[in-house]
Amino acid sequence: MKFDLHTHHFRCGHADGTIRDYIEAGIAAGLDVIGISDHTPYFGSPSEQAFPHIAMAKSELAQYVEEVLALQKEYAGTIDVLLGIESDYFPEHAELYRRTLSAYPFDYIIGSVHNVGGVSIFNKGRWKGLDQKGKIASKAEYYRLITASARSGMFQILGHIDAMKGNFPQFSDIPATAEIDECLRVIGECGIAIEINTSGSTKLCGGWYPSDDILSRALHYGVEVTFGSDAHKPSRVAEQHEAVMARLKEIGFDHWVYFKQKEKISVPLQ
C-alpha cells in the first residue's frame, strides 16, 4: 500500500498544476492512495484572500472540496483520492478554524505551524540579530505551539514538525530537548500522527522533516507516522517514498498510517 497524503495545487498561489495533475502523477508513481491537502484560506482576517500567494481565497474552499470529491468518484477503482487540507494553527483563531472546517467531509486535516511570533518559520531574516538565548526562546515557542496544536483535537496529522530548519539549517543545533520531548509525549498521548515530509529537499536544509533523531524519539513516545511529499508541483509526488520507508524500518518502526473519513488505517512497512 503506497500513499502520499500531502499535496497542493494552484489555488494556494505558490504551487503549480491542477488537482487532476497531482492525481495523474500519483498514478504514474504507483500510488494506491493520494491525499489532496492544499492550504486553508486565512480565516483570521475579514479579507476574502489576505495572503494570495500563501493560501486560497475563502470563496474557493467549497469549490476545492467539490472538485476533490468529484475527482474521487471519477478515479474510483484506479486510485483512492482522499479529501484533506493543511490548516495553519493559530491559537487565537483555533475555534474559528475548527468551526469552519467542520462543515466539510475531510478525510483528514494536517495541522501545521508556519508562523512564530508573527514571522514565517521559513523567513531567513528572523534569525538575524538574535543571540543564543533568543534563538532558544524562538525554538521553544515553536514546539510549544506544535504541542498546543496536538492538544487542540483539530488534527489527525501534524505537518513537518521541524520545518523551522528549512532555511536555517543551524536550527537543529539550537538546544530545546525538553520542549521537543514534551511535544512528542503529548502527540503520542493524543494519538496523532506526524508526517515524514520530503519537501525539506527543496529548502536549504535538504533531506526531510523531521530529523532521524526526532523520529527515534517519536518512536520512544509511541508516535505514529505517515508520509507526505508536500508536493507543490506534480513531479514531486511520492518523492523519496521508498527511502523514507527504508529509514523508518532502520529506526525501528514497523508500520505507518493514513486516514480515511478520519479513521486511522495502519499499513505495515514492507
# chains A, B, ... in the order shown; residues from 1 in each chain; ligands from 1

$ select_by_dssp --residues "range 96-222 of chain A" --states "strand (DSSP E or B)" --output "list in words"
Tyr108, Ile109, Ile110, Gly111, Ser112, Asn115, Val116, Val119, Ser120, Ile157, Leu158, Ala193, Ile194, Glu195, Ile196, Asn197 and Tyr209 of chain A

$ write_last_selection --atoms "N, CA and C atoms" --output "short mmCIF file (atom, residue, chain, number, x, y, z; two decimals), in the first residue's frame"
data_model
loop_
_atom_site.label_atom_id
_atom_site.label_comp_id
_atom_site.auth_asym_id
_atom_site.auth_seq_id
_atom_site.Cartn_x
_atom_site.Cartn_y
_atom_site.Cartn_z
N TYR A 108 -9.03 13.89 6.45
CA TYR A 108 -8.04 14.22 7.47
C TYR A 108 -7.68 15.70 7.34
N ILE A 109 -7.17 16.25 8.41
CA ILE A 109 -6.68 17.62 8.42
C ILE A 109 -5.25 17.59 8.96
N ILE A 110 -4.35 18.20 8.21
CA ILE A 110 -2.96 18.35 8.65
C ILE A 110 -2.84 19.68 9.38
N GLY A 111 -2.35 19.66 10.59
CA GLY A 111 -2.12 20.88 11.35
C GLY A 111 -0.66 21.28 11.29
N SER A 112 -0.40 22.48 10.82
CA SER A 112 0.99 22.93 10.65
C SER A 112 1.19 24.30 11.29
N ASN A 115 4.06 29.98 11.41
CA ASN A 115 4.43 31.30 11.93
C ASN A 115 4.70 31.22 13.42
N VAL A 116 5.75 31.88 13.86
CA VAL A 116 6.07 32.01 15.27
C VAL A 116 6.36 33.48 15.53
N VAL A 119 6.05 35.85 12.45
CA VAL A 119 7.03 35.78 11.37
C VAL A 119 7.08 34.35 10.84
N SER A 120 7.14 34.19 9.51
CA SER A 120 7.21 32.87 8.91
C SER A 120 8.42 32.09 9.42
N ILE A 157 -3.14 14.69 11.66
CA ILE A 157 -1.71 14.67 11.32
C ILE A 157 -1.11 16.02 11.68
N LEU A 158 0.12 16.02 12.17
CA LEU A 158 0.85 17.26 12.35
C LEU A 158 1.93 17.34 11.27
N ALA A 193 -0.78 11.41 14.33
CA ALA A 193 0.40 11.02 13.56
C ALA A 193 1.22 12.26 13.19
N ILE A 194 2.50 12.06 13.01
CA ILE A 194 3.35 13.09 12.41
C ILE A 194 3.74 12.60 11.03
N GLU A 195 3.95 13.54 10.13
CA GLU A 195 4.34 13.14 8.79
C GLU A 195 5.86 13.17 8.63
N ILE A 196 6.36 12.26 7.82
CA ILE A 196 7.70 12.43 7.27
C ILE A 196 7.47 13.15 5.95
N ASN A 197 7.98 14.37 5.90
CA ASN A 197 7.70 15.31 4.82
C ASN A 197 8.99 15.53 4.04
N TYR A 209 11.77 16.35 6.76
CA TYR A 209 11.32 16.68 8.11
C TYR A 209 10.52 15.49 8.66
#

$ residues_around --residues "Gly207 in chain A" --least-positions-apart "5" --cutoff "7 Å" --atoms "only C-alpha atoms" --output "PDB file with N, CA and C atoms, in the first residue's frame"
ATOM      1  N   THR A 198       8.987  15.166   2.761  1.00  0.00           N
ATOM      2  CA  THR A 198      10.222  15.193   1.989  1.00  0.00           C
ATOM      3  C   THR A 198      10.481  16.521   1.281  1.00  0.00           C
ATOM      4  N   GLY A 200      11.758  19.060   2.559  1.00  0.00           N
ATOM      5  CA  GLY A 200      12.997  19.672   3.025  1.00  0.00           C
ATOM      6  C   GLY A 200      14.062  19.691   1.951  1.00  0.00           C
ATOM      7  N   SER A 201      13.936  18.780   0.985  1.00  0.00           N
ATOM      8  CA  SER A 201      14.904  18.733  -0.113  1.00  0.00           C
ATOM      9  C   SER A 201      14.826  19.973  -0.994  1.00  0.00           C
TER      10      SER A 201
END

$ residues_around --residues "Gly44 in chain A" --least-positions-apart "5" --cutoff "10 Å" --atoms "only C-alpha atoms" --output "ChimeraX atom specification"
/A:50,90,92-94,96-97

$ write_last_selection --atoms "N, CA, C and O atoms" --output "tab-separated table (two decimals), in the first residue's frame"
chain	number	residue	atom	x	y	z
A	50	ALA	N	-6.47	37.23	2.25
A	50	ALA	CA	-5.48	38.10	2.90
A	50	ALA	C	-4.07	37.87	2.37
A	50	ALA	O	-3.26	38.80	2.31
A	90	PHE	N	-3.26	28.66	14.59
A	90	PHE	CA	-3.13	29.93	15.29
A	90	PHE	C	-3.99	29.82	16.55
A	90	PHE	O	-5.23	29.73	16.44
A	92	GLU	N	-5.12	31.87	18.65
A	92	GLU	CA	-6.15	32.90	18.78
A	92	GLU	C	-7.31	32.71	17.81
A	92	GLU	O	-8.39	33.27	18.00
A	93	HIS	N	-7.12	31.91	16.77
A	93	HIS	CA	-8.17	31.68	15.77
A	93	HIS	C	-8.61	30.21	15.73
A	93	HIS	O	-9.37	29.83	14.83
A	94	ALA	N	-8.15	29.41	16.67
A	94	ALA	CA	-8.37	27.96	16.60
A	94	ALA	C	-9.84	27.60	16.50
A	94	ALA	O	-10.23	26.75	15.69
A	96	LEU	N	-12.36	29.37	15.39
A	96	LEU	CA	-12.89	29.77	14.09
A	96	LEU	C	-12.51	28.74	13.03
A	96	LEU	O	-13.35	28.34	12.20
A	97	TYR	N	-11.26	28.30	13.04
A	97	TYR	CA	-10.82	27.28	12.08
A	97	TYR	C	-11.57	25.96	12.32
A	97	TYR	O	-12.04	25.32	11.37

$ atom_distance --atom1 "CA of Tyr104 in chain A" --atom2 "CA of Leu82 in chain A"
12.8 Å

$ residues_around --residues "Tyr75 in chain A" --least-positions-apart "4" --cutoff "10 Å" --atoms "only C-alpha atoms" --output "VMD selection string"
chain A and resid 20 23 to 24 27 70 to 71 79 to 81

$ write_last_selection --atoms "N, CA and C atoms" --output "compact mmCIF listing (two decimals), in the first residue's frame"
# COMPACT_ATOMS: atom_id res chain seq x y z
N ARG A 20 -6.11 17.41 -10.74
CA ARG A 20 -6.01 16.26 -11.65
C ARG A 20 -4.55 15.94 -11.97
N ILE A 23 -3.15 13.91 -9.17
CA ILE A 23 -3.70 12.55 -9.17
C ILE A 23 -3.03 11.71 -10.26
N GLU A 24 -2.89 12.27 -11.43
CA GLU A 24 -2.24 11.55 -12.53
C GLU A 24 -0.78 11.25 -12.19
N ILE A 27 -0.75 8.28 -9.88
CA ILE A 27 -0.93 7.02 -10.61
C ILE A 27 0.39 6.61 -11.26
N ALA A 70 -15.48 15.22 -6.63
CA ALA A 70 -15.83 14.79 -7.99
C ALA A 70 -14.73 13.91 -8.58
N LEU A 71 -13.48 14.29 -8.36
CA LEU A 71 -12.36 13.50 -8.88
C LEU A 71 -12.23 12.18 -8.12
N ILE A 79 -7.32 4.83 -8.30
CA ILE A 79 -6.54 5.34 -7.17
C ILE A 79 -7.53 5.93 -6.17
N ASP A 80 -7.27 5.75 -4.91
CA ASP A 80 -8.15 6.27 -3.87
C ASP A 80 -7.76 7.73 -3.60
N VAL A 81 -8.62 8.65 -3.97
CA VAL A 81 -8.37 10.09 -3.79
C VAL A 81 -9.02 10.53 -2.48

$ atom_distance --atom1 "CA of His14 in chain A" --atom2 "CA of Asn123 in chain A"
15.6 Å

$ select_by_dssp --residues "range 66-129 of chain A" --states "alpha helix (DSSP H)" --output "MDAnalysis selection string"
chainID A and resid 66:74 94:101

$ residues_around --residues "Ser152 in chain A" --least-positions-apart "5" --cutoff "10 Å" --atoms "only C-alpha atoms" --output "ChimeraX atom specification"
/A:89,91,94-95,98,111,146-147,190

$ write_last_selection --atoms "N, CA and C atoms" --output "compact mmCIF listing (two decimals), in the first residue's frame"
# COMPACT_ATOMS: atom_id res chain seq x y z
N TYR A 89 -2.10 26.49 12.37
CA TYR A 89 -2.56 26.53 13.74
C TYR A 89 -2.22 27.88 14.34
N PRO A 91 -3.41 29.81 17.74
CA PRO A 91 -4.22 29.64 18.96
C PRO A 91 -5.37 30.63 19.06
N ALA A 94 -8.15 29.41 16.67
CA ALA A 94 -8.37 27.96 16.60
C ALA A 94 -9.84 27.60 16.50
N GLU A 95 -10.68 28.22 17.30
CA GLU A 95 -12.10 27.86 17.29
C GLU A 95 -12.77 28.26 15.98
N ARG A 98 -11.70 25.58 13.58
CA ARG A 98 -12.40 24.33 13.91
C ARG A 98 -13.84 24.36 13.39
N GLY A 111 -2.35 19.66 10.59
CA GLY A 111 -2.12 20.88 11.35
C GLY A 111 -0.66 21.28 11.29
N ILE A 146 3.37 23.72 18.53
CA ILE A 146 3.05 22.39 17.98
C ILE A 146 2.39 21.53 19.05
N THR A 147 2.86 21.61 20.28
CA THR A 147 2.25 20.87 21.39
C THR A 147 0.80 21.30 21.58
N CYS A 190 -2.01 11.87 22.51
CA CYS A 190 -3.21 12.31 21.78
C CYS A 190 -3.54 11.40 20.59

$ closest_residue --among "A:Ile36, A:Ile180, A:Leu61, A:Leu130" --to "Arg144 in chain A" --atoms "only C-alpha atoms"
A:Ile180

$ closest_residue --among "A:Gly30, A:Gly206, A:Gly17, A:Pro268" --to "Val225 in chain A" --atoms "only C-alpha atoms"
A:Pro268

$ closest_residue --among "A:Val186, A:Val244, A:Ile136, A:Ala62" --to "Gly222 in chain A" --atoms "only C-alpha atoms"
A:Val186

$ atom_distance --atom1 "CA of Val33 in chain A" --atom2 "CA of Lys260 in chain A"
10.0 Å
